[in-house]
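Structure file upload_11.txt (compact mmCIF, C-alpha atoms) follows.
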```
# COMPACT_ATOMS: atom_id res chain seq x y z
CA MET C 1 16.54 -45.24 -33.47
CA LYS C 2 17.62 -43.26 -36.48
CA ARG C 3 14.09 -42.69 -37.68
CA LEU C 4 13.07 -41.71 -34.21
CA LEU C 5 15.72 -39.00 -34.22
CA ILE C 6 14.81 -37.81 -37.68
CA ALA C 7 11.12 -37.73 -36.78
CA GLY C 8 11.92 -35.81 -33.60
CA VAL C 9 13.97 -33.23 -35.46
CA ALA C 10 11.39 -32.89 -38.21
CA LEU C 11 8.64 -32.29 -35.70
CA ALA C 12 10.68 -29.86 -33.64
CA THR C 13 11.36 -27.81 -36.73
CA GLY C 14 7.74 -27.95 -37.78
CA LEU C 15 8.28 -30.33 -40.68
CA ALA C 16 6.02 -33.08 -39.41
CA ALA C 17 4.64 -33.65 -42.90
CA THR C 18 7.84 -35.44 -43.96
CA ALA C 19 6.76 -38.54 -41.99
CA GLY C 20 5.14 -39.97 -45.13
CA ALA C 21 8.32 -39.74 -47.15
CA ILE C 22 10.37 -41.47 -44.44
CA ALA C 23 7.85 -44.26 -44.18
CA ASP C 24 7.87 -45.64 -47.73
CA PRO C 25 9.07 -49.23 -48.11
CA VAL C 26 12.80 -49.14 -48.78
CA ASP C 27 14.53 -49.90 -52.03
CA ASP C 28 16.89 -52.61 -50.79
CA THR C 29 17.68 -56.24 -51.52
CA LEU C 30 17.99 -59.17 -49.17
CA GLU C 31 20.30 -62.12 -49.31
CA ILE C 32 20.62 -64.48 -46.34
CA ASP C 33 23.85 -66.51 -46.27
CA GLY C 34 24.07 -66.38 -50.06
CA THR C 35 20.40 -67.28 -50.59
CA PRO C 36 18.60 -64.55 -52.55
CA ILE C 37 15.30 -63.58 -50.92
CA VAL C 38 12.42 -62.21 -53.00
CA THR C 39 10.97 -59.35 -50.95
CA ARG C 40 9.06 -57.67 -53.77
CA THR C 41 7.26 -59.35 -56.64
CA ALA C 42 4.28 -59.02 -58.97
CA ALA C 43 1.02 -59.90 -57.23
CA PRO C 44 -1.07 -62.90 -58.34
CA GLU C 45 -4.25 -62.26 -60.33
CA GLY C 46 -7.12 -60.87 -58.31
CA HIS C 47 -4.85 -59.34 -55.66
CA PRO C 48 -5.67 -55.82 -54.39
CA PHE C 49 -2.04 -54.70 -54.86
CA ASP C 50 0.10 -54.71 -58.01
CA GLU C 51 3.11 -55.78 -56.00
CA VAL C 52 3.45 -57.89 -52.89
CA LEU C 53 6.03 -56.63 -50.42
CA SER C 54 7.70 -58.43 -47.55
CA GLY C 55 7.48 -56.85 -44.11
CA TRP C 56 11.30 -56.72 -44.26
CA LEU C 57 11.08 -53.67 -46.58
CA PHE C 58 9.21 -51.74 -43.90
CA ARG C 59 11.69 -52.27 -41.11
CA GLU C 60 14.54 -49.99 -40.14
CA ALA C 61 18.08 -50.48 -41.44
CA GLU C 62 19.33 -52.05 -38.19
CA THR C 63 16.51 -54.60 -38.14
CA ARG C 64 17.01 -55.37 -41.83
CA ASP C 65 20.69 -55.99 -41.22
CA VAL C 66 20.05 -58.44 -38.39
CA SER C 67 17.84 -60.43 -40.82
CA ARG C 68 20.68 -60.63 -43.33
CA ASP C 69 23.06 -62.42 -41.07
CA SER C 70 22.07 -65.77 -39.61
CA PHE C 71 24.76 -65.46 -36.92
CA GLU C 72 23.20 -62.23 -35.72
CA ASN C 73 19.60 -63.38 -36.13
CA PRO C 74 18.41 -64.38 -32.62
CA GLY C 75 15.64 -66.43 -34.26
CA MET C 76 18.29 -68.93 -35.38
CA ILE C 77 18.66 -70.11 -31.78
CA ALA C 78 15.04 -71.23 -32.00
CA VAL C 79 15.78 -73.00 -35.27
CA GLU C 80 18.62 -74.89 -33.54
CA ASP C 81 16.33 -75.80 -30.66
CA GLY C 82 13.85 -77.01 -33.26
CA GLU C 83 16.54 -79.21 -34.81
CA THR C 84 17.21 -80.80 -31.42
CA LEU C 85 13.51 -81.54 -31.02
CA TRP C 86 13.40 -82.97 -34.55
CA ASN C 87 15.90 -85.59 -33.43
CA THR C 88 14.36 -86.22 -30.00
CA VAL C 89 12.31 -89.33 -29.37
CA MET C 90 8.83 -88.33 -28.22
CA GLY C 91 5.90 -90.57 -27.28
CA SER C 92 5.27 -94.25 -26.71
CA GLU C 93 6.36 -95.46 -30.17
CA GLY C 94 9.99 -94.57 -29.55
CA LYS C 95 10.15 -92.38 -32.61
CA SER C 96 11.50 -88.93 -33.37
CA CYS C 97 10.50 -86.81 -36.36
CA ALA C 98 13.78 -87.88 -37.95
CA THR C 99 12.85 -91.58 -37.63
CA CYS C 100 10.27 -91.12 -40.37
CA HIS C 101 11.48 -88.01 -42.17
CA ASP C 102 15.23 -88.39 -41.89
CA ASP C 103 17.10 -85.26 -42.99
CA ALA C 104 14.79 -82.26 -42.75
CA ALA C 105 16.94 -80.34 -45.24
CA VAL C 106 15.68 -82.81 -47.83
CA SER C 107 12.30 -84.02 -46.58
CA MET C 108 10.97 -80.69 -45.32
CA LYS C 109 12.19 -78.54 -48.20
CA GLY C 110 9.15 -76.81 -49.69
CA VAL C 111 6.82 -77.46 -46.77
CA GLY C 112 7.14 -73.90 -45.44
CA ALA C 113 6.40 -72.53 -48.90
CA SER C 114 3.24 -74.58 -49.56
CA PHE C 115 1.35 -74.85 -46.25
CA PRO C 116 -1.45 -74.58 -45.27
CA LYS C 117 -2.60 -77.42 -47.48
CA TRP C 118 -5.70 -79.56 -47.69
CA ASP C 119 -5.97 -82.33 -45.08
CA ALA C 120 -8.37 -84.98 -46.33
CA ASP C 121 -8.63 -86.63 -42.89
CA SER C 122 -9.93 -83.60 -41.06
CA GLN C 123 -11.52 -82.10 -44.19
CA LYS C 124 -9.85 -78.80 -43.31
CA PRO C 125 -6.66 -76.93 -44.18
CA ILE C 126 -3.71 -77.98 -42.03
CA ASN C 127 -0.76 -75.77 -41.12
CA VAL C 128 2.70 -76.79 -39.95
CA GLU C 129 1.81 -76.59 -36.24
CA LEU C 130 -1.20 -78.87 -36.71
CA GLN C 131 0.77 -81.25 -38.95
CA ILE C 132 3.34 -81.60 -36.16
CA ASN C 133 0.48 -82.45 -33.79
CA LYS C 134 -0.94 -84.94 -36.26
CA CYS C 135 2.40 -86.76 -36.45
CA LEU C 136 2.80 -86.65 -32.68
CA THR C 137 -0.61 -88.16 -31.97
CA GLU C 138 -1.08 -90.50 -34.94
CA GLN C 139 2.46 -91.74 -35.58
CA MET C 140 4.42 -91.28 -32.40
CA GLY C 141 2.04 -92.03 -29.58
CA ALA C 142 2.69 -88.62 -28.09
CA GLU C 143 0.42 -85.80 -27.02
CA ALA C 144 -0.45 -82.86 -29.21
CA ILE C 145 1.38 -79.65 -28.30
CA GLY C 146 -0.92 -76.89 -27.08
CA PHE C 147 -0.80 -73.51 -28.79
CA ASN C 148 2.64 -71.93 -28.31
CA LYS C 149 3.64 -74.64 -25.81
CA LYS C 150 6.64 -76.99 -25.53
CA GLY C 151 8.72 -76.23 -28.59
CA GLN C 152 5.85 -75.69 -31.03
CA ARG C 153 7.30 -72.42 -32.30
CA GLU C 154 10.83 -73.82 -32.45
CA LEU C 155 9.89 -76.96 -34.37
CA THR C 156 7.73 -74.91 -36.73
CA ALA C 157 10.57 -72.42 -37.27
CA TYR C 158 13.00 -75.29 -37.97
CA ILE C 159 10.66 -76.89 -40.50
CA LYS C 160 9.81 -73.64 -42.30
CA HIS C 161 13.45 -72.57 -42.33
CA GLN C 162 14.19 -75.54 -44.61
CA SER C 163 12.33 -73.59 -47.33
CA LEU C 164 14.37 -70.40 -46.89
CA GLY C 165 14.30 -68.46 -50.16
CA MET C 166 11.61 -70.59 -51.81
CA PRO C 167 8.60 -68.70 -53.22
CA VAL C 168 5.32 -69.09 -51.34
CA LYS C 169 2.73 -70.89 -53.45
CA LEU C 170 -0.49 -72.52 -52.25
CA ASP C 171 -2.45 -75.16 -54.12
CA LEU C 172 -6.00 -73.89 -53.87
CA SER C 173 -7.35 -76.58 -56.18
CA GLU C 174 -6.99 -79.32 -53.56
CA GLY C 175 -10.09 -80.31 -51.59
CA GLU C 176 -12.03 -77.30 -50.42
CA MET C 177 -9.10 -74.93 -50.15
CA GLN C 178 -10.87 -72.39 -52.35
CA SER C 179 -13.86 -72.10 -50.01
CA TRP C 180 -11.50 -71.64 -47.04
CA TRP C 181 -9.75 -68.92 -49.02
CA ASP C 182 -13.16 -67.25 -49.55
CA LYS C 183 -13.95 -67.50 -45.86
CA GLY C 184 -10.50 -66.12 -44.99
CA LYS C 185 -11.12 -63.18 -47.27
CA ASP C 186 -14.33 -62.41 -45.39
CA VAL C 187 -12.41 -62.49 -42.11
CA TYR C 188 -9.74 -60.19 -43.57
CA TYR C 189 -12.25 -57.54 -44.59
CA ALA C 190 -14.57 -57.83 -41.57
CA ARG C 191 -14.31 -54.91 -39.18
CA THR C 192 -13.92 -56.02 -35.61
CA GLY C 193 -13.93 -54.56 -32.15
CA GLN C 194 -14.77 -51.25 -30.59
CA LEU C 195 -12.24 -49.54 -32.89
CA ASN C 196 -14.07 -50.99 -35.88
CA LEU C 197 -11.02 -51.91 -37.96
CA ALA C 198 -10.39 -54.74 -40.41
CA CYS C 199 -7.02 -56.26 -41.35
CA ALA C 200 -7.46 -54.35 -44.59
CA SER C 201 -7.85 -51.02 -42.75
CA CYS C 202 -4.27 -51.19 -41.54
CA HIS C 203 -2.49 -53.46 -44.04
CA GLU C 204 -4.22 -52.41 -47.26
CA VAL C 205 -5.76 -48.92 -46.93
CA ALA C 206 -3.06 -47.54 -44.59
CA MET C 207 -0.18 -49.71 -45.86
CA GLY C 208 3.07 -47.69 -45.84
CA LYS C 209 1.78 -45.20 -43.27
CA MET C 210 2.94 -44.75 -39.71
CA ILE C 211 0.53 -45.74 -36.95
CA ARG C 212 2.21 -44.06 -34.02
CA ALA C 213 5.70 -45.68 -33.97
CA ASP C 214 4.82 -48.58 -36.28
CA HIS C 215 5.36 -48.59 -40.01
CA LEU C 216 2.41 -50.47 -41.51
CA SER C 217 3.43 -53.25 -43.88
CA GLN C 218 1.19 -55.49 -45.98
CA GLY C 219 0.98 -57.86 -43.00
CA GLN C 220 2.64 -60.73 -44.89
CA VAL C 221 3.22 -64.11 -43.27
CA ASN C 222 6.29 -65.35 -45.18
CA GLY C 223 8.64 -64.83 -42.23
CA PHE C 224 6.78 -66.73 -39.49
CA PRO C 225 7.51 -67.67 -36.83
CA THR C 226 9.25 -64.29 -36.69
CA TYR C 227 11.73 -63.08 -34.10
CA ARG C 228 10.44 -59.79 -32.73
CA LEU C 229 13.14 -57.68 -31.14
CA LYS C 230 10.78 -56.53 -28.44
CA SER C 231 9.12 -59.85 -27.57
CA GLY C 232 11.02 -62.79 -29.06
CA LEU C 233 9.85 -65.69 -31.18
CA THR C 234 6.28 -65.07 -32.32
CA SER C 235 3.97 -67.59 -33.98
CA LEU C 236 1.59 -66.60 -36.74
CA HIS C 237 -1.62 -67.13 -34.81
CA GLN C 238 -0.13 -65.17 -31.92
CA ARG C 239 0.41 -62.26 -34.31
CA PHE C 240 -3.13 -62.58 -35.74
CA ARG C 241 -4.57 -62.62 -32.24
CA GLY C 242 -2.52 -59.58 -31.25
CA CYS C 243 -3.68 -57.55 -34.23
CA ILE C 244 -7.30 -58.52 -33.55
CA ARG C 245 -6.94 -57.67 -29.85
CA ASP C 246 -5.71 -54.23 -30.87
CA THR C 247 -9.08 -53.53 -32.47
CA ARG C 248 -10.57 -54.17 -29.00
CA ALA C 249 -12.26 -57.37 -30.11
CA GLU C 250 -12.36 -60.77 -28.43
CA GLN C 251 -9.47 -62.83 -29.75
CA PRO C 252 -10.42 -65.93 -31.76
CA LYS C 253 -8.75 -69.15 -30.59
CA ALA C 254 -5.51 -70.21 -32.26
CA PHE C 255 -6.17 -72.81 -34.97
CA SER C 256 -9.91 -72.01 -34.93
CA ASP C 257 -11.69 -72.20 -38.28
CA ASP C 258 -11.58 -68.40 -38.58
CA LEU C 259 -7.83 -68.23 -38.09
CA MET C 260 -7.12 -71.25 -40.32
CA ALA C 261 -9.17 -69.57 -43.06
CA LEU C 262 -7.30 -66.31 -42.43
CA GLU C 263 -3.94 -68.10 -42.60
CA THR C 264 -4.95 -69.63 -45.94
CA TYR C 265 -6.05 -66.31 -47.40
CA VAL C 266 -3.18 -64.18 -46.04
CA THR C 267 -0.60 -66.76 -47.16
CA TRP C 268 -2.03 -66.45 -50.67
CA ARG C 269 -1.69 -62.65 -50.43
CA GLY C 270 2.05 -63.24 -50.17
CA THR C 271 2.31 -65.53 -53.21
CA GLY C 272 5.78 -65.30 -54.73
CA LEU C 273 7.54 -63.86 -51.69
CA SER C 274 10.40 -66.00 -50.38
CA VAL C 275 10.10 -67.84 -47.11
CA GLU C 276 12.17 -65.77 -44.65
CA THR C 277 11.68 -67.84 -41.49
CA PRO C 278 12.82 -66.84 -38.91
CA ALA C 279 12.41 -63.23 -40.08
CA VAL C 280 13.52 -60.45 -37.74
CA ARG C 281 10.93 -57.80 -36.99
CA GLN C 282 10.57 -54.92 -34.57
CA MET L 1 -12.17 -36.71 -13.45
CA ASP L 2 -13.11 -36.44 -9.82
CA ARG L 3 -13.09 -32.72 -9.99
CA ARG L 4 -15.38 -32.78 -12.98
CA ASN L 5 -17.77 -35.27 -11.43
CA LYS L 6 -18.02 -33.07 -8.40
CA PHE L 7 -18.57 -30.09 -10.64
CA VAL L 8 -21.35 -31.82 -12.57
CA MET L 9 -22.94 -32.94 -9.32
CA THR L 10 -22.83 -29.42 -7.96
CA MET L 11 -24.24 -28.05 -11.19
CA ALA L 12 -27.03 -30.61 -11.15
CA GLY L 13 -27.72 -29.82 -7.54
CA ALA L 14 -27.80 -26.10 -8.23
CA MET L 15 -30.10 -26.61 -11.20
CA MET L 16 -32.49 -28.78 -9.25
CA LEU L 17 -32.60 -26.17 -6.52
CA SER L 18 -33.29 -23.41 -9.00
CA GLY L 19 -35.84 -25.61 -10.75
CA ALA L 20 -34.08 -25.27 -14.14
CA ALA L 21 -33.99 -28.15 -16.66
CA PHE L 22 -31.31 -30.77 -15.87
CA ALA L 23 -28.58 -30.65 -18.51
CA SER L 24 -28.42 -34.40 -19.21
CA GLU L 25 -25.97 -36.22 -21.40
CA VAL L 26 -27.03 -37.15 -24.92
CA THR L 27 -26.80 -40.94 -25.34
CA PRO L 28 -24.78 -42.16 -28.35
CA ASP L 29 -27.89 -43.30 -30.21
CA ALA L 30 -29.64 -39.96 -29.70
CA VAL L 31 -26.91 -37.74 -31.17
CA GLU L 32 -28.47 -35.74 -33.98
CA PHE L 33 -26.47 -35.24 -37.17
CA THR L 34 -27.52 -32.24 -39.28
CA ASP L 35 -25.99 -30.83 -42.46
CA ASP L 36 -23.85 -28.62 -40.25
CA GLY L 37 -22.65 -31.55 -38.13
CA VAL L 38 -23.60 -32.06 -34.49
CA THR L 39 -24.69 -28.64 -33.28
CA MET L 40 -25.68 -29.51 -29.71
CA SER L 41 -23.16 -30.06 -26.95
CA LEU L 42 -23.25 -33.68 -25.79
CA THR L 43 -23.27 -32.66 -22.13
CA GLY L 44 -24.16 -29.00 -21.78
CA VAL L 45 -20.89 -28.59 -19.87
CA ALA L 46 -18.21 -26.55 -21.64
CA GLY L 47 -15.19 -28.63 -22.72
CA ASP L 48 -11.85 -28.20 -20.97
CA PRO L 49 -9.02 -27.87 -23.54
CA ALA L 50 -6.31 -28.98 -21.08
CA ALA L 51 -8.22 -32.17 -20.21
CA GLY L 52 -8.88 -32.61 -23.93
CA ALA L 53 -5.16 -32.46 -24.73
CA GLU L 54 -4.58 -35.31 -22.26
CA VAL L 55 -7.32 -37.42 -23.84
CA PHE L 56 -5.86 -36.65 -27.28
CA LYS L 57 -2.39 -37.88 -26.25
CA SER L 58 -3.33 -40.86 -24.12
CA ARG L 59 -2.89 -44.24 -25.81
CA LYS L 60 -5.69 -45.61 -23.65
CA LEU L 61 -8.19 -42.84 -24.49
CA GLY L 62 -8.16 -40.89 -27.75
CA ASN L 63 -4.75 -42.07 -29.00
CA CYS L 64 -5.24 -39.47 -31.73
CA LEU L 65 -1.47 -39.25 -32.28
CA ALA L 66 -1.54 -42.87 -33.48
CA CYS L 67 -2.96 -41.60 -36.73
CA HIS L 68 -2.50 -37.80 -36.74
CA ALA L 69 0.54 -35.55 -36.52
CA ASN L 70 0.03 -32.44 -34.43
CA ALA L 71 2.78 -29.80 -34.29
CA ASP L 72 1.30 -28.45 -31.04
CA MET L 73 2.47 -31.71 -29.42
CA ALA L 74 5.93 -31.74 -31.01
CA ASN L 75 7.51 -32.95 -27.77
CA GLU L 76 5.45 -36.17 -27.81
CA LEU L 77 7.29 -38.98 -29.60
CA PHE L 78 5.78 -40.71 -32.62
CA HIS L 79 3.02 -39.02 -34.57
CA GLY L 80 1.25 -41.25 -37.08
CA ASP L 81 0.20 -40.24 -40.59
CA VAL L 82 -2.75 -42.54 -41.26
CA GLY L 83 -4.98 -39.43 -41.17
CA PRO L 84 -4.22 -35.80 -42.06
CA GLU L 85 -2.20 -33.49 -39.82
CA LEU L 86 -4.40 -31.68 -37.37
CA ASP L 87 -2.50 -28.39 -37.37
CA GLY L 88 -5.08 -25.70 -38.04
CA ALA L 89 -8.00 -28.16 -37.84
CA ALA L 90 -10.22 -25.50 -36.25
CA SER L 91 -9.56 -23.13 -39.16
CA ARG L 92 -10.70 -25.77 -41.63
CA TRP L 93 -13.76 -27.07 -39.79
CA GLU L 94 -16.56 -25.42 -37.80
CA GLU L 95 -17.08 -26.75 -34.29
CA PRO L 96 -20.27 -28.75 -35.08
CA MET L 97 -18.44 -30.57 -37.88
CA LEU L 98 -15.50 -31.38 -35.63
CA ARG L 99 -17.94 -32.71 -33.02
CA ALA L 100 -19.57 -34.87 -35.68
CA ILE L 101 -16.18 -36.22 -36.83
CA LEU L 102 -15.33 -37.15 -33.26
CA VAL L 103 -18.69 -38.74 -32.47
CA ASN L 104 -18.84 -40.88 -35.60
CA SER L 105 -16.53 -39.95 -38.46
CA LYS L 106 -18.35 -42.39 -40.75
CA GLN L 107 -21.28 -39.94 -40.84
CA ILE L 108 -18.99 -37.24 -42.24
CA PHE L 109 -16.43 -39.09 -44.33
CA THR L 110 -17.44 -42.47 -45.74
CA ASP L 111 -18.25 -45.85 -44.25
CA GLU L 112 -14.77 -46.87 -45.35
CA THR L 113 -12.93 -44.43 -43.14
CA ILE L 114 -10.39 -45.89 -40.74
CA MET L 115 -11.04 -43.30 -38.06
CA PRO L 116 -12.98 -44.88 -35.18
CA GLY L 117 -16.22 -43.29 -33.95
CA PHE L 118 -15.37 -42.10 -30.47
CA TYR L 119 -18.94 -41.70 -29.20
CA SER L 120 -20.73 -44.26 -31.28
CA LEU L 121 -22.14 -47.74 -30.80
CA ASP L 122 -21.80 -48.40 -34.50
CA VAL L 123 -18.80 -50.70 -33.96
CA GLY L 124 -17.18 -53.85 -35.39
CA LYS L 125 -17.91 -57.52 -34.71
CA ASN L 126 -16.94 -59.43 -31.57
CA VAL L 127 -16.28 -56.41 -29.40
CA ARG L 128 -14.31 -57.50 -26.32
CA GLU L 129 -16.53 -58.11 -23.34
CA SER L 130 -15.32 -55.17 -21.28
CA SER L 131 -16.18 -52.72 -24.09
CA ILE L 132 -19.63 -54.01 -25.08
CA GLY L 133 -22.20 -51.22 -25.11
CA LYS L 134 -19.51 -48.67 -24.27
CA THR L 135 -18.13 -45.84 -26.32
CA ILE L 136 -14.38 -45.21 -26.68
CA LEU L 137 -14.69 -41.81 -25.02
CA THR L 138 -17.32 -40.41 -22.69
CA ALA L 139 -19.53 -37.54 -23.83
CA GLN L 140 -17.53 -35.12 -21.71
CA GLN L 141 -14.19 -36.40 -23.04
CA VAL L 142 -15.47 -35.70 -26.55
CA GLU L 143 -16.40 -32.15 -25.52
CA ASP L 144 -12.94 -31.75 -23.96
CA VAL L 145 -11.11 -32.96 -27.08
CA LEU L 146 -13.33 -30.65 -29.11
CA ALA L 147 -12.32 -27.71 -26.91
CA TYR L 148 -8.68 -28.68 -27.43
CA LEU L 149 -9.12 -28.95 -31.23
CA GLY L 150 -10.62 -25.45 -31.07
CA THR L 151 -7.16 -24.18 -30.05
CA LEU L 152 -5.55 -25.60 -33.22
CA LYS L 153 -5.92 -22.55 -35.47
CA GLU L 154 -3.80 -21.59 -38.46
```

Since I need it in another form, could you write the structure as structure tokens?
Amino acid sequence: MKRLLIAGVALATGLAATAGAIADPVDDTLEIDGTPIVTRTAAPEGHPFDEVLSGWLFREAETRDVSRDSFENPGMIAVEDGETLWNTVMGSEGKSCATCHDDAAVSMKGVGASFPKWDADSQKPINVELQINKCLTEQMGAEAIGFNKKGQRELTAYIKHQSLGMPVKLDLSEGEMQSWWDKGKDVYYARTGQLNLACASCHEVAMGKMIRADHLSQGQVNGFPTYRLKSGLTSLHQRFRGCIRDTRAEQPKAFSDDLMALETYVTWRGTGLSVETPAVRQ
Amino acid sequence: MDRRNKFVMTMAGAMMLSGAAFASEVTPDAVEFTDDGVTMSLTGVAGDPAAGAEVFKSRKLGNCLACHANADMANELFHGDVGPELDGAASRWEEPMLRAILVNSKQIFTDETIMPGFYSLDVGKNVRESSIGKTILTAQQVEDVLAYLGTLKE
């Protein structure tokens, strides 16, 4: 709201050019319930930027403050719902997630910081949503959860939240992770749709600029599922699909090879940022 | 829109009656880029600056404000800054160059530019079904936006 007012005043007085100055990522630090969160760090080798920046730095003060406080963060309700599901028996084997994995605070710590990882069975990268489905179908005698259905976002948020504050780091040496990274990079730089834009057009070339009311961040994934103030809990592939739709392209299917490759590559682009799940965004 | 269609129809009718050449629309693939830009009107019908201002603002049509600030539209909320401000654009660029930028900015800037081509079929992969083979703006909408840009003088 504040920026809106400032922008309005600037325009009315003919100072529209100040928009760029207002839109730089802020110089601010984040700590969530005493856990320090890395929102800015040196980029890994071969990265197009010198520094990787969390989307948190691009949000307005009010939104940043809601992220700081887990009592205020509406995404924490989803994390609690996820915890309930974790302990709920699902499927014909009479098991819950906790039956095998016990205390998520111990067993799931680090998962959110290191997925997607190589899955030898499917010979593909696997993300947290697909790992949940693998456990449901192969261990619990339950059905896989369809994209964004029946607690998928909540359970994913709960699992990733166990890595809050941990730096994102993928192991690209496992299996064929490197070739999926390569493929994901192609997807990232491919222009799509009638508007002819790539991820890089908005999140690399125009990073830090305003696109109408939106302040363009690096499009990092360290906070997913995120809680968006205008639309609620949002899964990563939902966000990918939304950005692709905005180029006026057909949306690839969630968990398709293209989006799994993209998740692998974009996760790497955020190497070193802390897991922020469930991050609060506009 | 209706009014214009009627106008074009009447014009066409009048021309046919008088036996003059029919002022047809240039298709996106046939637009000719010269060193001066695109010198020929895309429609032969003069652009309407008021209609052009609407296309410029509309999120569904030009959505130019997504990327450009424009002091002439100070009462519209949210001007982007992905591209340069358009205040005084018509003092910096001749009309044929502005037309060329609108039709396909990649011909004027570089292939890397973010600005979409508004009357071009040189588009990205996997275009959504409802937009296949279609341009973002119609030829006449481009002429209208061009007429509007012509009012942005320093």

Extending 6 Å beyond the listed atoms of stretch 106-115 of chain L on each side, what axis-aligned box results? I want centre and edge lengths in Å to one decimal, as JSON.
```
{"center_x": -15.8, "center_y": -42.1, "center_z": -41.9, "size_x": 22.9, "size_y": 21.6, "size_z": 19.7}
```

- Considering only C-alpha atoms, state which residue in the set L:Gly62, L:Gly117, L:Gly124, L:Gly83 is at the smallest distance from chain C.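 The closest residue to chain C is L:Gly124.
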
- Query: Do you have the atom CA of L:Gly37-atom CA of L:Glu112 distance handy?
  - Reply: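 Distance between the two atoms: 18.7 Å.
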
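For chain L, the residues close to chain C, meaning within 8 Å and counting only C-alpha atoms, are Leu65, Ala66, Cys67, Ala69, Asn70, Ala71, Ala74, Asn75, Leu77, Phe78, His79, Gly80, Asp81, Val82, Glu85, Ile114, Pro116, Gly117, Val123, Gly124, Lys125, Asn126, Val127, Arg128, Glu129, Ser131, Ile132, Thr135 and Ile136 of chain L.
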
Could you write those residues out with C-alpha atoms, as a short mmCIF file (atom, residue, chain, number, x, y, z; two decimals), keeping the file's coordinate frame?
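Wrote it out as part_1.cif, contents follow:
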```
data_model
loop_
_atom_site.label_atom_id
_atom_site.label_comp_id
_atom_site.auth_asym_id
_atom_site.auth_seq_id
_atom_site.Cartn_x
_atom_site.Cartn_y
_atom_site.Cartn_z
CA LEU L 65 -1.47 -39.25 -32.28
CA ALA L 66 -1.54 -42.87 -33.48
CA CYS L 67 -2.96 -41.60 -36.73
CA ALA L 69 0.54 -35.55 -36.52
CA ASN L 70 0.03 -32.44 -34.43
CA ALA L 71 2.78 -29.80 -34.29
CA ALA L 74 5.93 -31.74 -31.01
CA ASN L 75 7.51 -32.95 -27.77
CA LEU L 77 7.29 -38.98 -29.60
CA PHE L 78 5.78 -40.71 -32.62
CA HIS L 79 3.02 -39.02 -34.57
CA GLY L 80 1.25 -41.25 -37.08
CA ASP L 81 0.20 -40.24 -40.59
CA VAL L 82 -2.75 -42.54 -41.26
CA GLU L 85 -2.20 -33.49 -39.82
CA ILE L 114 -10.39 -45.89 -40.74
CA PRO L 116 -12.98 -44.88 -35.18
CA GLY L 117 -16.22 -43.29 -33.95
CA VAL L 123 -18.80 -50.70 -33.96
CA GLY L 124 -17.18 -53.85 -35.39
CA LYS L 125 -17.91 -57.52 -34.71
CA ASN L 126 -16.94 -59.43 -31.57
CA VAL L 127 -16.28 -56.41 -29.40
CA ARG L 128 -14.31 -57.50 -26.32
CA GLU L 129 -16.53 -58.11 -23.34
CA SER L 131 -16.18 -52.72 -24.09
CA ILE L 132 -19.63 -54.01 -25.08
CA THR L 135 -18.13 -45.84 -26.32
CA ILE L 136 -14.38 -45.21 -26.68
#
```

- Item | Two-atom distance - atom CA of C:Gly272, atom CA of C:Ser54 (Å) |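 Between atom CA of C:Gly272 and atom CA of C:Ser54 the gap is 10.1 Å.
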
- Message: Using all atoms listed in the file, can you tell me which of L:Val145, L:Asp35, L:Ser91, L:Phe118 comes closest to L:Asn104?
- Response: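 The answer is L:Phe118, which sits nearest to L:Asn104.
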
- Just give me the gap between atom CA of C:Lys117 and atom CA of C:Phe255 in Å, one decimal is fine.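 Separation of atom CA of C:Lys117 and atom CA of C:Phe255: 13.8 Å.
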
- Message: Just want the 9 Å neighbourhood of stretch 108-111 of chain L, counted on all atoms listed in the file, with same-chain residues fewer than 6 positions away dropped. Output as a ChimeraX atom specification.
- Response: /L:37,97,100-101

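Shortest atom-to-atom contact with L:Asn63 among L:Leu137, L:Met40, L:Ala50, L:Ala30: L:Leu137, counting all atoms listed in the file.
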
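For stretch 218-223 of chain C, the list of residues within 8 Å, based on all atoms listed in the file and with local chain neighbours fewer than 2 positions off taken out, reads Val52, Leu53, Ser54, Gly55, Val168, His203, Glu204, Met207, Leu216, Pro225, Thr226, Leu236, Val266, Thr267, Arg269, Gly270, Leu273, Ser274, Val275, Glu276, Thr277, Pro278, Ala279 and Val280 of chain C.
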
Identify, on the basis of only C-alpha atoms, every residue whose closest approach to L:Thr39 does not exceed 12 Å; exclude the query and any residue fewer than 3 positions from it along the same chain; express the result as an mmCIF file with C-alpha atoms, in the coordinates of the input.
```cif
data_model
loop_
_atom_site.group_PDB
_atom_site.id
_atom_site.type_symbol
_atom_site.label_atom_id
_atom_site.label_comp_id
_atom_site.auth_asym_id
_atom_site.auth_seq_id
_atom_site.Cartn_x
_atom_site.Cartn_y
_atom_site.Cartn_z
ATOM 1 C CA VAL L 31 -26.910 -37.740 -31.170
ATOM 2 C CA GLU L 32 -28.470 -35.740 -33.980
ATOM 3 C CA PHE L 33 -26.470 -35.240 -37.170
ATOM 4 C CA THR L 34 -27.520 -32.240 -39.280
ATOM 5 C CA ASP L 35 -25.990 -30.830 -42.460
ATOM 6 C CA ASP L 36 -23.850 -28.620 -40.250
ATOM 7 C CA LEU L 42 -23.250 -33.680 -25.790
ATOM 8 C CA THR L 43 -23.270 -32.660 -22.130
ATOM 9 C CA GLY L 44 -24.160 -29.000 -21.780
ATOM 10 C CA GLU L 94 -16.560 -25.420 -37.800
ATOM 11 C CA GLU L 95 -17.080 -26.750 -34.290
ATOM 12 C CA PRO L 96 -20.270 -28.750 -35.080
ATOM 13 C CA MET L 97 -18.440 -30.570 -37.880
ATOM 14 C CA LEU L 98 -15.500 -31.380 -35.630
ATOM 15 C CA ARG L 99 -17.940 -32.710 -33.020
ATOM 16 C CA ALA L 100 -19.570 -34.870 -35.680
ATOM 17 C CA ILE L 101 -16.180 -36.220 -36.830
ATOM 18 C CA VAL L 103 -18.690 -38.740 -32.470
ATOM 19 C CA GLU L 143 -16.400 -32.150 -25.520
#
```
